[in-house]
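Participant: One file: entry_15.csv (CSV, C-alpha atoms and all ligand atoms).
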```csv
chain,number,residue,atom,x,y,z
A,25,MET,CA,87.8,79.4,82.0
A,26,ARG,CA,89.4,82.8,81.3
A,27,ILE,CA,93.1,83.4,82.1
A,28,ALA,CA,94.7,86.8,82.6
A,29,HIS,CA,98.3,86.4,81.3
A,30,VAL,CA,100.8,89.1,82.3
A,31,ALA,CA,104.6,88.9,81.7
A,32,ASP,CA,107.9,90.7,82.2
A,33,PRO,CA,106.9,93.7,84.4
A,34,HIS,CA,110.6,94.2,85.3
A,35,LEU,CA,109.8,96.2,88.4
A,36,GLY,CA,112.8,98.1,89.7
A,37,PHE,CA,114.1,98.7,86.1
A,38,ARG,CA,116.1,102.0,86.0
A,39,GLN,CA,117.2,104.0,83.1
A,40,TYR,CA,118.6,107.5,82.4
A,41,THR,CA,119.1,110.1,85.1
A,42,ARG,CA,115.9,111.9,85.6
A,43,LEU,CA,114.3,111.6,89.1
A,44,THR,CA,110.7,112.1,90.1
A,45,SER,CA,109.8,114.8,92.6
A,46,ARG,CA,110.1,112.1,95.3
A,47,GLY,CA,113.6,111.2,94.2
A,48,LEU,CA,112.8,107.9,92.4
A,49,ASN,CA,114.3,107.1,89.0
A,50,GLN,CA,111.7,108.3,86.5
A,51,ARG,CA,111.8,105.1,84.4
A,52,GLU,CA,111.5,103.0,87.6
A,53,ALA,CA,108.3,105.0,88.3
A,54,ASP,CA,107.1,104.5,84.8
A,55,VAL,CA,107.5,100.7,85.0
A,56,ALA,CA,105.6,100.7,88.3
A,57,THR,CA,102.8,102.8,86.7
A,58,ALA,CA,102.6,100.3,83.8
A,59,PHE,CA,102.3,97.4,86.2
A,60,GLY,CA,99.6,99.2,88.2
A,61,ARG,CA,97.6,99.8,85.0
A,62,ALA,CA,97.9,96.1,84.0
A,63,ILE,CA,96.6,95.1,87.5
A,64,ASP,CA,93.7,97.6,87.1
A,65,GLY,CA,92.8,96.0,83.8
A,66,VAL,CA,93.1,92.4,85.1
A,67,ILE,CA,90.9,93.2,88.1
A,68,ALA,CA,88.3,94.8,85.8
A,69,SER,CA,88.2,91.8,83.5
A,70,ALA,CA,87.4,89.4,86.4
A,71,PRO,CA,89.3,86.4,85.1
A,72,ASP,CA,89.2,82.9,86.6
A,73,VAL,CA,93.0,82.7,87.0
A,74,VAL,CA,95.9,85.2,86.9
A,75,ILE,CA,99.3,84.1,85.6
A,76,VAL,CA,102.5,86.2,85.7
A,77,ALA,CA,105.0,84.5,83.4
A,78,GLY,CA,108.3,85.7,84.9
A,79,ASP,CA,110.6,88.7,85.4
A,80,ILE,CA,108.3,90.5,88.0
A,81,PHE,CA,111.6,92.2,89.0
A,82,HIS,CA,114.4,93.5,86.8
A,83,SER,CA,117.0,92.1,89.2
A,84,VAL,CA,117.5,89.4,91.8
A,85,ARG,CA,117.9,92.0,94.5
A,86,PRO,CA,115.3,94.6,93.7
A,87,THR,CA,115.2,97.9,95.7
A,88,ASN,CA,112.9,98.2,98.7
A,89,SER,CA,110.7,100.6,96.7
A,90,ALA,CA,110.2,97.9,94.0
A,91,ILE,CA,109.5,95.2,96.5
A,92,LEU,CA,107.1,97.3,98.4
A,93,PHE,CA,105.3,98.3,95.2
A,94,ALA,CA,105.0,94.8,93.9
A,95,PHE,CA,103.7,93.6,97.3
A,96,ARG,CA,101.0,96.3,97.4
A,97,GLN,CA,99.9,95.7,93.8
A,98,LEU,CA,99.7,91.9,94.2
A,99,ALA,CA,97.9,92.4,97.6
A,100,ARG,CA,95.4,94.6,95.8
A,101,LEU,CA,95.0,91.9,93.1
A,102,VAL,CA,94.4,89.2,95.6
A,103,ASP,CA,92.0,91.4,97.6
A,104,ARG,CA,89.9,92.4,94.6
A,105,LEU,CA,89.7,89.0,93.1
A,106,PRO,CA,88.9,86.8,96.1
A,107,GLY,CA,89.3,83.1,95.5
A,108,VAL,CA,91.0,83.6,92.1
A,109,PRO,CA,94.3,81.7,91.9
A,110,VAL,CA,97.3,83.9,91.2
A,111,ILE,CA,100.4,82.0,89.8
A,112,ALA,CA,103.8,83.6,89.4
A,113,ILE,CA,107.0,82.1,88.1
A,114,ALA,CA,110.5,83.5,88.3
A,115,GLY,CA,112.2,84.5,85.0
A,116,ASN,CA,115.9,84.9,84.1
A,117,HIS,CA,116.0,88.4,85.6
A,118,ASP,CA,114.6,87.5,89.1
A,119,THR,CA,116.3,84.1,89.5
A,120,PRO,CA,119.3,84.1,91.9
A,121,ARG,CA,122.5,82.8,90.3
A,122,SER,CA,123.9,81.3,93.4
A,123,THR,CA,122.1,79.0,95.9
A,124,ASP,CA,122.9,81.2,98.9
A,125,THR,CA,120.8,84.1,97.5
A,126,VAL,CA,117.3,83.7,98.9
A,127,SER,CA,114.6,84.6,96.4
A,128,ILE,CA,112.3,87.5,97.3
A,129,PHE,CA,109.4,85.5,95.9
A,130,GLY,CA,108.9,83.9,99.3
A,131,LEU,CA,107.3,87.2,100.4
A,132,PHE,CA,104.4,86.8,97.9
A,133,HIS,CA,103.7,83.4,99.2
A,134,GLU,CA,102.4,85.2,102.3
A,135,LEU,CA,99.7,86.8,100.1
A,136,GLY,CA,98.4,83.4,99.1
A,137,ILE,CA,100.0,83.7,95.7
A,138,HIS,CA,101.3,80.5,94.1
A,139,VAL,CA,105.0,81.5,93.6
A,140,VAL,CA,107.2,79.0,91.8
A,141,HIS,CA,110.8,80.1,91.7
A,142,ASP,CA,113.2,77.1,91.8
A,143,ASP,CA,111.7,73.7,90.8
A,144,ALA,CA,108.8,73.2,88.5
A,145,ARG,CA,105.5,72.6,90.2
A,146,ARG,CA,102.1,71.3,89.2
A,147,LEU,CA,99.3,73.3,90.7
A,148,ASP,CA,95.9,71.6,90.8
A,149,PHE,CA,92.6,73.5,91.2
A,150,PRO,CA,90.1,70.6,90.9
A,151,GLU,CA,87.1,72.9,91.7
A,152,ARG,CA,88.0,74.9,88.6
A,153,GLY,CA,88.9,71.9,86.4
A,154,LEU,CA,92.4,73.3,86.1
A,155,SER,CA,95.9,71.9,86.3
A,156,VAL,CA,98.9,74.2,85.8
A,157,LEU,CA,102.4,73.1,85.2
A,158,ALA,CA,104.5,76.1,86.3
A,159,VAL,CA,108.2,75.9,85.2
A,160,PRO,CA,110.4,78.7,86.4
A,161,HIS,CA,113.7,79.7,84.7
A,162,GLN,CA,115.9,77.7,87.0
A,163,ALA,CA,114.0,74.5,86.4
A,164,LEU,CA,114.9,74.7,82.7
A,165,PHE,CA,118.6,74.1,83.5
A,166,ARG,CA,118.1,70.9,85.5
A,167,GLU,CA,119.5,67.7,84.0
A,168,PRO,CA,117.8,65.8,82.6
A,169,ARG,CA,115.4,68.3,81.2
A,170,LEU,CA,111.9,68.0,82.5
A,171,ALA,CA,109.3,66.8,80.0
A,172,PHE,CA,106.4,69.1,79.8
A,173,GLU,CA,103.3,66.9,80.0
A,174,PRO,CA,99.7,67.5,81.0
A,175,ALA,CA,98.5,65.3,83.9
A,176,GLY,CA,95.4,64.3,85.7
A,177,GLN,CA,91.7,64.6,84.7
A,178,ALA,CA,91.4,68.4,84.7
A,179,PRO,CA,89.9,69.5,81.3
A,180,HIS,CA,92.0,72.7,81.4
A,181,GLN,CA,95.7,72.0,81.2
A,182,VAL,CA,98.0,75.0,81.3
A,183,LEU,CA,101.8,75.3,80.9
A,184,VAL,CA,103.7,78.4,82.2
A,185,LEU,CA,107.3,79.0,81.0
A,186,HIS,CA,109.9,81.8,80.7
A,187,GLY,CA,112.3,81.4,77.8
A,188,GLU,CA,113.1,81.8,74.1
A,189,THR,CA,111.4,79.9,71.3
A,190,PRO,CA,113.2,79.3,67.9
A,191,GLY,CA,113.5,82.2,65.5
A,192,LEU,CA,112.1,84.7,68.0
A,193,PHE,CA,115.0,87.2,67.9
A,194,GLY,CA,115.8,86.9,64.2
A,195,PRO,CA,119.0,85.6,62.6
A,196,ASP,CA,121.3,88.3,64.1
A,197,ARG,CA,119.8,87.9,67.6
A,198,GLY,CA,120.0,91.8,67.8
A,199,GLY,CA,117.4,92.1,70.5
A,200,ALA,CA,118.2,88.9,72.4
A,201,GLU,CA,118.7,89.1,76.1
A,202,PRO,CA,121.6,87.0,77.5
A,203,GLY,CA,120.8,84.3,80.0
A,204,GLY,CA,117.5,83.2,78.6
A,205,ALA,CA,116.6,79.5,78.4
A,206,PHE,CA,115.9,77.9,75.1
A,207,LEU,CA,112.6,76.2,74.4
A,208,SER,CA,112.1,73.9,71.5
A,209,THR,CA,109.0,73.9,69.4
A,210,GLU,CA,108.5,70.2,70.2
A,211,GLU,CA,108.6,70.8,73.9
A,212,LEU,CA,105.8,73.4,73.6
A,213,THR,CA,103.6,71.5,71.2
A,214,GLY,CA,104.2,68.0,72.5
A,215,GLY,CA,101.4,68.0,75.1
A,216,ASP,CA,97.7,68.7,74.4
A,217,TRP,CA,97.8,72.0,76.3
A,218,SER,CA,94.7,74.2,76.6
A,219,TYR,CA,97.1,77.2,76.8
A,220,VAL,CA,100.8,77.9,77.1
A,221,ALA,CA,101.6,81.2,78.9
A,222,LEU,CA,105.1,82.4,78.0
A,223,GLY,CA,107.3,85.1,79.3
A,224,HIS,CA,110.7,86.5,78.2
A,225,TYR,CA,110.0,88.0,74.8
A,226,HIS,CA,109.0,91.6,75.3
A,227,VAL,CA,106.8,92.1,72.2
A,228,GLN,CA,103.4,90.5,72.3
A,229,HIS,CA,103.6,87.4,70.1
A,230,GLN,CA,101.6,84.3,69.2
A,231,VAL,CA,103.9,81.3,68.7
A,232,ARG,CA,101.1,78.9,67.7
A,233,GLU,CA,97.4,78.7,68.4
A,234,ARG,CA,97.0,78.8,72.2
A,235,ILE,CA,100.7,79.5,72.7
A,236,TRP,CA,101.5,83.1,73.5
A,237,TYR,CA,104.0,85.6,74.8
A,238,ALA,CA,102.1,88.4,76.6
A,239,GLY,CA,105.1,90.8,76.1
A,240,ALA,CA,106.4,93.3,78.6
A,241,LEU,CA,104.5,96.3,80.0
A,242,ASP,CA,107.1,98.9,79.0
A,243,TYR,CA,110.3,99.1,76.9
A,244,VAL,CA,112.7,97.5,79.3
A,245,SER,CA,114.9,95.4,77.0
A,246,PRO,CA,118.4,96.4,76.0
A,247,ASN,CA,116.9,97.2,72.5
A,248,PRO,CA,113.7,99.3,72.7
A,249,TRP,CA,114.2,100.4,69.1
A,250,GLY,CA,114.1,96.8,67.9
A,251,GLU,CA,110.9,96.3,69.9
A,252,LEU,CA,109.4,99.5,68.3
A,253,ARG,CA,110.3,98.3,64.8
A,254,GLU,CA,108.7,94.9,65.3
A,255,GLU,CA,105.6,96.4,66.8
A,256,ARG,CA,105.3,98.8,63.9
A,257,GLU,CA,105.9,96.0,61.3
A,258,ARG,CA,103.3,93.7,62.9
A,259,ALA,CA,100.8,96.5,63.7
A,260,ILE,CA,101.0,95.9,67.5
A,261,PRO,CA,99.9,99.2,69.1
A,262,GLY,CA,102.0,98.8,72.2
A,263,LYS,CA,102.4,97.0,75.5
A,264,GLY,CA,99.8,95.1,77.5
A,265,TRP,CA,98.6,91.7,78.7
A,266,LEU,CA,96.4,88.9,77.4
A,267,LEU,CA,93.0,87.5,78.3
A,268,ALA,CA,92.8,83.8,77.1
A,269,ASP,CA,89.4,82.1,76.9
A,270,LEU,CA,90.2,78.4,77.0
A,271,ALA,CA,86.8,77.2,75.9
A,272,SER,CA,87.0,79.0,72.5
A,273,GLY,CA,90.8,79.4,72.3
A,274,THR,CA,90.3,83.1,71.8
A,275,VAL,CA,93.1,85.3,73.1
A,276,THR,CA,92.4,89.0,73.4
A,277,PRO,CA,95.2,91.5,73.9
A,278,HIS,CA,94.5,94.3,76.4
A,279,PHE,CA,96.9,97.2,75.8
A,280,ILE,CA,97.7,99.6,78.6
A,281,GLU,CA,98.0,103.4,78.3
A,282,PRO,CA,101.8,103.8,78.0
A,283,PRO,CA,103.4,105.6,81.0
A,284,ARG,CA,106.1,107.0,78.7
A,285,ARG,CA,106.3,107.8,75.0
A,286,VAL,CA,109.2,106.0,73.3
A,287,ILE,CA,109.8,107.5,69.8
A,288,ASP,CA,112.2,106.4,67.1
A,289,LEU,CA,112.3,109.2,64.5
A,290,ARG,CA,112.7,108.4,60.9
A,291,THR,CA,116.4,107.9,59.9
A,292,ILE,CA,117.9,111.0,58.2
A,293,ASP,CA,120.6,110.6,55.5
A,294,ALA,CA,122.9,113.5,55.8
A,295,GLY,CA,124.1,112.7,52.3
A,296,ASP,CA,125.8,115.7,50.6
A,297,PHE,CA,124.0,118.3,52.8
A,298,ALA,CA,125.8,121.0,54.6
A,299,SER,CA,125.7,121.1,58.4
A,300,ALA,CA,123.2,124.0,58.5
A,301,GLU,CA,120.9,122.0,56.3
A,302,LEU,CA,121.2,119.0,58.6
A,303,ASP,CA,120.4,121.4,61.6
A,304,ARG,CA,117.2,122.3,59.8
A,305,MET,CA,116.3,118.7,59.0
A,306,LEU,CA,116.8,117.8,62.7
A,307,GLU,CA,114.7,120.6,63.8
A,308,GLU,CA,111.9,119.6,61.4
A,309,ALA,CA,112.1,116.0,62.7
A,310,VAL,CA,111.9,117.1,66.3
A,311,GLU,CA,109.0,119.4,65.7
A,312,SER,CA,107.1,116.8,63.8
A,313,VAL,CA,106.6,114.7,67.0
A,314,PRO,CA,102.9,114.9,68.0
A,315,GLY,CA,102.7,116.4,71.5
A,316,ALA,CA,106.3,117.5,71.2
A,317,ILE,CA,109.4,115.6,72.4
A,318,ASP,CA,109.0,116.9,76.0
A,319,ASP,CA,109.4,114.1,78.6
A,320,ALA,CA,109.5,111.5,75.8
A,321,VAL,CA,112.3,109.0,75.1
A,322,VAL,CA,113.5,109.9,71.6
A,323,ARG,CA,116.1,108.6,69.2
A,324,GLN,CA,117.2,110.2,65.9
A,325,VAL,CA,119.5,108.2,63.8
A,326,VAL,CA,121.5,110.2,61.1
A,327,ILE,CA,123.6,108.3,58.6
A,328,ASN,CA,126.5,109.5,56.6
A,329,VAL,CA,127.7,112.2,59.0
A,330,PRO,CA,131.4,112.9,58.7
A,331,ARG,CA,133.2,113.9,61.8
A,332,THR,CA,133.6,117.6,60.7
A,333,MET,CA,129.9,117.9,60.1
A,334,ALA,CA,129.0,116.4,63.5
A,335,ARG,CA,131.2,119.1,65.1
A,336,GLU,CA,129.6,121.9,63.2
A,337,LEU,CA,126.0,121.1,64.2
A,338,ASP,CA,124.0,123.5,66.4
A,339,HIS,CA,125.0,121.9,69.7
A,340,ALA,CA,123.2,124.5,71.8
A,341,GLU,CA,119.9,123.4,70.1
A,342,ILE,CA,120.7,119.8,70.6
A,343,ARG,CA,121.4,120.4,74.3
A,344,ASN,CA,118.0,122.1,74.5
A,345,TRP,CA,116.3,119.0,73.0
A,346,LYS,CA,118.2,116.8,75.5
A,347,ALA,CA,116.9,119.0,78.3
A,348,ARG,CA,113.2,118.8,77.1
A,349,ALA,CA,113.1,115.1,76.4
A,350,LEU,CA,113.4,112.6,79.2
A,351,HIS,CA,116.1,111.1,76.9
A,352,PHE,CA,117.1,112.4,73.5
A,353,GLN,CA,119.6,110.1,71.7
A,354,LEU,CA,121.1,111.7,68.6
A,355,ASP,CA,122.8,108.8,66.9
A,356,LEU,CA,125.2,110.2,64.3
A,357,ARG,CA,126.8,107.6,62.1
A,358,ARG,CA,129.8,108.1,60.0
A,359,PRO,CA,129.9,107.3,56.3
A,360,GLU,CA,130.8,103.7,55.6
A,361,ALA,CA,134.4,103.2,54.5
A,362,ALA,CA,134.0,102.1,50.9
A,363,GLY,CA,134.7,98.5,50.2
A,364,ARG,CA,135.1,97.6,53.9
A,365,VAL,CA,132.1,95.4,54.3
A,366,VAL,CA,132.3,92.7,57.0
A,367,GLY,CA,129.2,90.6,56.8
A,368,ILE,CA,127.2,88.8,59.3
A,369,GLY,CA,123.7,87.2,59.2
A,370,ALA,CA,121.6,86.8,56.1
A,371,PRO,CA,122.3,88.3,52.7
A,372,GLY,CA,120.9,91.8,52.5
A,373,THR,CA,121.6,92.5,56.2
A,374,ARG,CA,125.3,92.9,55.8
A,375,GLN,CA,126.8,95.5,58.2
A,376,THR,CA,130.3,97.0,58.4
A,377,LEU,CA,132.3,96.1,61.5
A,378,PRO,CA,131.9,99.6,63.0
A,379,GLU,CA,128.1,99.3,62.5
A,380,ILE,CA,128.1,95.9,64.2
A,381,VAL,CA,130.0,97.3,67.1
A,382,ALA,CA,127.8,100.5,67.3
A,383,ALA,CA,124.7,98.4,67.2
A,384,HIS,CA,126.0,96.1,70.0
A,385,LEU,CA,127.0,99.0,72.2
A,386,ALA,CA,123.7,100.8,71.5
A,387,ALA,CA,121.8,97.7,72.7
A,388,ARG,CA,124.1,96.6,75.5
A,389,PRO,CA,122.6,97.0,79.1
A,390,LEU,CA,124.2,99.9,80.9
A,391,PRO,CA,124.0,101.4,84.4
A,392,ALA,CA,121.6,104.3,84.4
A,393,SER,CA,124.4,106.6,85.2
A,394,VAL,CA,126.3,106.0,82.0
A,395,ASP,CA,125.3,108.2,79.1
A,396,ARG,CA,124.6,105.8,76.2
A,397,GLU,CA,125.3,108.2,73.4
A,398,ALA,CA,128.7,109.1,74.8
A,399,PHE,CA,129.4,105.4,75.5
A,400,VAL,CA,128.6,104.4,71.9
A,401,ARG,CA,130.6,107.3,70.6
A,402,VAL,CA,133.7,106.3,72.5
A,403,GLY,CA,133.4,102.8,71.3
A,404,THR,CA,132.8,103.8,67.7
A,405,ASP,CA,135.7,106.2,67.8
A,406,LEU,CA,138.0,103.5,69.2
A,407,MET,CA,136.8,101.1,66.5
A,408,THR,CA,137.4,103.7,63.7
A,409,THR,CA,140.9,104.5,65.1
A,410,LEU,CA,141.7,100.8,65.2
A,411,GLU,CA,140.5,100.3,61.6
A,412,GLN,CA,142.6,103.2,60.4
A,413,ASP,CA,145.6,101.9,62.3
A,414,THR,CA,145.1,98.4,60.7
A,415,GLN,CA,144.8,99.9,57.3
A,416,ALA,CA,147.9,102.0,57.8
A,417,SER,CA,150.1,99.2,59.0
B,501,MN,MN,112.1,89.9,80.6
```
Show the structure stored in the file as structure tokens.
Ligand SMILES: [Mn+2]

Facilitator:
Amino acid sequence: MRIAHVADPHLGFRQYTRLTSRGLNQREADVATAFGRAIDGVIASAPDVVIVAGDIFHSVRPTNSAILFAFRQLARLVDRLPGVPVIAIAGNHDTPRSTDTVSIFGLFHELGIHVVHDDARRLDFPERGLSVLAVPHQALFREPRLAFEPAGQAPHQVLVLHGETPGLFGPDRGGAEPGGAFLSTEELTGGDWSYVALGHYHVQHQVRERIWYAGALDYVSPNPWGELREERERAIPGKGWLLADLASGTVTPHFIEPPRRVIDLRTIDAGDFASAELDRMLEEAVESVPGAIDDAVVRQVVINVPRTMARELDHAEIRNWKARALHFQLDLRRPEAAGRVVGIGAPGTRQTLPEIVAAHLAARPLPASVDREAFVRVGTDLMTTLEQDTQAS
């Protein structure tokens, strides 16, 4: 019994302002490409079951283009894998918040897909010796909380959930998405599950043996830089889906070719340099990118940049980089005010209040039309002014 486990495609996700030649938001097109590639891989691997563990769509009311695309890809999946059950649950992103909003998931029911979007359902496939307990986001908020337990005689017992397990987002919850459901370790490990297919966390992650997050298919969380850092630290090469072999317990990651390069350049410390020297360091950093920054999503953090220095930088060159990249985020951070440390989180991760505010604003979900850099700058400037006023009074 081999299960293809996909999660968090977030179709309809939009970001930045660039459009494709057909007028679609470029990042929406990227996310669609990523899903298409995952479907290609799943079809090629010929699994016995396909599970999509939530957040097929980025929003409750996806655009027509996102709906049409999802429908065509899922139709292709069903067509190319005849007789293979396809199970999809709703996540926090594609669950309606009010009862009068009808879920778009009903559409996929017409394809023969087992869609579970309100109450938990047990799906039995006796000819495959498989029983699946599918628990969508909304079902996790019913009182009393449903107990997750295997049932029946099927040798393969699978649990599908969308939510957050303890410790996942770290002590400061920097990359956490609001609105996710909490799942306790006991809930996940209480039953003798053959496999637990999780969605919600966007970095591929093994919670325990046979309990996995597949991760998203592109960088669609409010904090792509945090995702990149974690992937680097844990040597995860990127985004993809999982193939779980229930007989052996082996889970094999299948990474997809990324539709978009997302690059976080090494932080530069402006220290005591002059602005011309910082110009040169920035240019060096930009030119160090393999394959150049063109069409990539790039961030460059520079610390210890006084306001005057920021003004003196070569802004024509910076505009040139912004034009070449799909998105170039030059994140200039002011020197810390000495002795003004406001701590949160564990020792060693203390941040100043302006840093906390800047990090929050940098990660906060924004409409695609809002320029994040300008947004963060306004917020940071207000914060600094406020601090100065407080100190002066
Ligand atoms: Mn998600």

Participant: Excluding same-chain residues fewer than 5 positions from Leu390 (chain A), what lies within 9 Å of it counting all atoms listed in the file, as a ChimeraX atom specification?

Facilitator: /A:39,246,395-396

Participant: Could you jot down the CA of Asp54 (chain A) to CA of Ile287 (chain A) separation for me, Å, one decimal place?

Facilitator: 15.5 Å

Participant: Residues of chain A that approach ligand MN 501 (chain B) to 6 Å or less, counting all atoms listed in the file: could you list each one with the shortest pair of atoms and its distance in Å to one decimal, rows by chain and increasing residue number, as JSON lines?

Facilitator:
```
{"residue": "A:Asp32", "atom": "CA", "partner": "B:MN501", "partner_atom": "MN", "distance": 4.6}
{"residue": "A:Asp79", "atom": "CA", "partner": "B:MN501", "partner_atom": "MN", "distance": 5.2}
{"residue": "A:His224", "atom": "CA", "partner": "B:MN501", "partner_atom": "MN", "distance": 4.4}
```

Participant: Return the single residue from A:Arg335, A:Arg285, A:Arg152, A:Arg290 that is closest to Pro314 (chain A), with distances computed using all atoms listed in the file.

Facilitator: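 Nearest candidate to Pro314 (chain A) out of A:Arg335, A:Arg285, A:Arg152, A:Arg290: A:Arg285.
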
Participant: Can you work out which one of A:Leu207, A:Trp265, A:Leu131, A:Thr332 has the shortest atom-to-atom distance to Ala171 (chain A), counting only C-alpha atoms?

Facilitator: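 Comparing A:Leu207, A:Trp265, A:Leu131, A:Thr332 against Ala171 (chain A), the winner is A:Leu207.
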
Participant: Tell me, in Å to one decimal, how far CA of Gln50 (chain A) is from CA of Leu350 (chain A).

Facilitator: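 Atom-to-atom, CA of Gln50 (chain A) and CA of Leu350 (chain A) are spaced 8.6 Å apart.
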
Participant: Work out how far apart CA of Leu302 (chain A) and CA of Thr404 (chain A) are and give it in Å to one decimal.

Facilitator: 21.2 Å

Participant: Can you pull out the residues contacting region 322-328 of chain A? Cut-off 9 Å, using only C-alpha atoms, and skip same-chain residues under 3 positions away; I want them as a list in words.

Facilitator: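 These residues fall inside the cut-off: Trp249, Arg285, Val286, Ile287, Asp288, Leu289, Arg290, Thr291, Ile292, Asp293, Ala294, Gly295, Asp296, Leu306, Ala309, Val310, Ile317, Ala349, Leu350, His351, Phe352, Gln353, Leu354, Asp355, Leu356, Arg357, Arg358, Pro359 and Glu360 of chain A.
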
Participant: With all atoms listed in the file as the basis for distance, which of A:Glu210, A:Asp216, A:Val102, A:Val76 is at the shortest distance from Ala158 (chain A)?

Facilitator: A:Val76
